[in-house]
Amino acid sequence: MNGASREALAAARERLDALTDNTSVDAAKLADELAAVTALLDREVSLRRVLTDPAQAGEAKAELAQRLLGGQVGGETADLLSGMVRSRWSQSRDLVDALEELAGTADLTAAQRAGALDDVEDELFRFGRIVSSSTELRAALTNRAATASAKSELLRSLLGGRAKTTTERLVTRLVTAPRGRSLESGLESLSKLAAERRDRMVAIVTSAVPLSDVQKQRLGAALAKLYGRSMHLNLDVDPEVVGGIRVQVGDEVINGSLADRIEDAGRRLAS
């Protein structure tokens, strides 16, 4: 997002946080309603253009949003959208992207309240790994000819009873309404949202064998000291990592694996 949209999104995040700090607000219901508004504005291009038209007064756009949603969603959702359309957006689509993010954040807030946020983070990561390793599963979940209900049923058979409710909700929403994104990028965005929920960074750690609890604690502490923020570790095992570990934080890779050291030594000898 560009300048105006970034500022509008930051303000919307603050309003959502203030809203969900109140435990009387049903965060899961709020997530569903925000997702429904996302689908509406994604579908109705002319409407979202009106709601983001910089030539229109913010109050007039807020009143329009209230008239359209009145009685269809709760007051919290309607008020949140009204505040968002008062803001200035660089592109009309940015409003829809922001609503989708807020829906995901609201669901993750519900998981956090239930003490399940760590599990949801791990399940999103593991599901992404399963998808990337199964061509057939990925094809079934991204098949444009398949109905949303068929995809939902497939996910229910895969995740129902095996994953947290929030994980199933987030993945189902992503698969049935991808909005032009790849499944992998959508899962990555959800994982980042989950990490940000605790103001943590995500480190993808690949090792030849599973790390012990002590090793995980030491690595987490070392990375937190290095980056100045608490760190959530997504752990993966790859037997081809001969020794040591490979750590990726965002676009940065900290590679301490023996295999890569050998490869690096070979390149030096060849030169």
# chains A, B, ... in the order shown; residues from 1 in each chain; ligands from 1
>>> residues_around(residues="Ala65 of chain A", least_positions_apart="4", cutoff="9 Å", atoms="only C-alpha atoms", output="PyMOL selection string")
chain A and resi 51+60-61+69-70+78-79+81-82+85
>>> write_last_selection(atoms="C-alpha atoms", output="tab-separated table (two decimals), in the first residue's frame")
chain	number	residue	atom	x	y	z
A	51	LEU	CA	-16.75	4.55	-0.60
A	60	ALA	CA	-21.22	11.27	3.57
A	61	LYS	CA	-19.37	8.03	2.82
A	69	LEU	CA	-24.99	-2.30	6.48
A	70	GLY	CA	-27.59	-1.26	9.02
A	78	ALA	CA	-20.59	-0.92	10.95
A	79	ASP	CA	-18.72	1.63	13.07
A	81	LEU	CA	-16.21	0.39	8.37
A	82	SER	CA	-17.56	3.93	8.81
A	85	VAL	CA	-14.30	5.06	4.68
>>> select_by_dssp(residues="segment 36-264 of chain A", states="strand (DSSP E)", output="PyMOL selection string")
chain A and resi 201-207+231-237+245-249+252-255
>>> residues_around(residues="segment 203-214 of chain A", least_positions_apart="6", cutoff="12 Å", atoms="only C-alpha atoms", output="PyMOL selection string")
chain A and resi 121-122+125-126+129+188+191-192+195+220-224+227+229-259
>>> closest_atom_pairs(of="segment 97-128 of chain A", to="segment 17-36 of chain A", cutoff="7 Å", atoms="only C-alpha atoms", output="JSON lines")
{"residue": "A:Leu99", "atom": "CA", "partner": "A:Leu34", "partner_atom": "CA", "distance": 6.3}
{"residue": "A:Glu100", "atom": "CA", "partner": "A:Ala35", "partner_atom": "CA", "distance": 6.1}
{"residue": "A:Ala103", "atom": "CA", "partner": "A:Ala31", "partner_atom": "CA", "distance": 4.3}
{"residue": "A:Gly104", "atom": "CA", "partner": "A:Ala31", "partner_atom": "CA", "distance": 6.6}
{"residue": "A:Ala106", "atom": "CA", "partner": "A:Ala31", "partner_atom": "CA", "distance": 5.1}
{"residue": "A:Asp107", "atom": "CA", "partner": "A:Ala28", "partner_atom": "CA", "distance": 5.2}
{"residue": "A:Thr109", "atom": "CA", "partner": "A:Ala27", "partner_atom": "CA", "distance": 6.5}
{"residue": "A:Ala110", "atom": "CA", "partner": "A:Ala27", "partner_atom": "CA", "distance": 5.3}
>>> write_last_selection(atoms="C-alpha atoms", output="PDB file, in the first residue's frame")
ATOM      1  CA  LEU A  99     -10.866  -5.268   5.670  1.00  0.00           C
ATOM      2  CA  GLU A 100      -9.597  -8.752   4.893  1.00  0.00           C
ATOM      3  CA  ALA A 103     -11.022 -10.041   9.629  1.00  0.00           C
ATOM      4  CA  GLY A 104      -7.980 -12.277  10.024  1.00  0.00           C
ATOM      5  CA  ALA A 106     -10.089 -10.474  14.696  1.00  0.00           C
ATOM      6  CA  ASP A 107     -10.065 -14.258  14.326  1.00  0.00           C
ATOM      7  CA  THR A 109      -7.632 -12.231  18.632  1.00  0.00           C
ATOM      8  CA  ALA A 110     -10.319 -14.792  19.409  1.00  0.00           C
TER       9      ALA A 110
END
>>> closest_residue(among="A:Leu124, A:Ala116, A:Leu80, A:Val175", to="Leu141 of chain A", atoms="only C-alpha atoms")
A:Val175
>>> residues_around(residues="Ala4 of chain A", least_positions_apart="5", cutoff="12 Å", atoms="only C-alpha atoms", output="PyMOL selection string")
chain A and resi 9-11+52+54+84+87-92+94-95
>>> write_last_selection(atoms="N, CA and C atoms", output="short mmCIF file (atom, residue, chain, number, x, y, z; two decimals), in the first residue's frame")
data_model
loop_
_atom_site.label_atom_id
_atom_site.label_comp_id
_atom_site.auth_asym_id
_atom_site.auth_seq_id
_atom_site.Cartn_x
_atom_site.Cartn_y
_atom_site.Cartn_z
N LEU A 9 -4.78 2.26 6.97
CA LEU A 9 -4.73 0.92 7.54
C LEU A 9 -4.23 0.97 8.99
N ALA A 10 -3.22 1.78 9.24
CA ALA A 10 -2.70 1.90 10.61
C ALA A 10 -3.79 2.40 11.56
N ALA A 11 -4.57 3.37 11.11
CA ALA A 11 -5.67 3.88 11.93
C ALA A 11 -6.73 2.81 12.16
N THR A 52 -14.53 5.02 -1.48
CA THR A 52 -13.14 5.49 -1.39
C THR A 52 -12.88 6.71 -2.27
N PRO A 54 -12.13 10.16 -3.19
CA PRO A 54 -11.60 11.30 -2.42
C PRO A 54 -12.38 12.58 -2.64
N MET A 84 -13.28 3.62 8.57
CA MET A 84 -12.35 3.34 7.48
C MET A 84 -12.67 4.16 6.23
N SER A 87 -11.44 7.68 6.06
CA SER A 87 -10.01 7.83 5.75
C SER A 87 -9.81 7.94 4.24
N ARG A 88 -8.62 8.35 3.87
CA ARG A 88 -8.27 8.46 2.45
C ARG A 88 -7.49 7.23 2.02
N TRP A 89 -7.85 6.64 0.88
CA TRP A 89 -7.22 5.44 0.37
C TRP A 89 -6.61 5.72 -1.00
N SER A 90 -5.41 5.24 -1.22
CA SER A 90 -4.72 5.47 -2.49
C SER A 90 -5.44 4.77 -3.64
N GLN A 91 -5.93 3.56 -3.38
CA GLN A 91 -6.68 2.80 -4.36
C GLN A 91 -7.90 2.19 -3.68
N SER A 92 -8.98 2.03 -4.43
CA SER A 92 -10.19 1.49 -3.83
C SER A 92 -9.98 0.06 -3.34
N ASP A 94 -7.45 -1.14 -1.93
CA ASP A 94 -6.74 -1.16 -0.65
C ASP A 94 -7.71 -1.26 0.52
N LEU A 95 -8.88 -0.67 0.38
CA LEU A 95 -9.89 -0.77 1.44
C LEU A 95 -10.29 -2.22 1.66
#
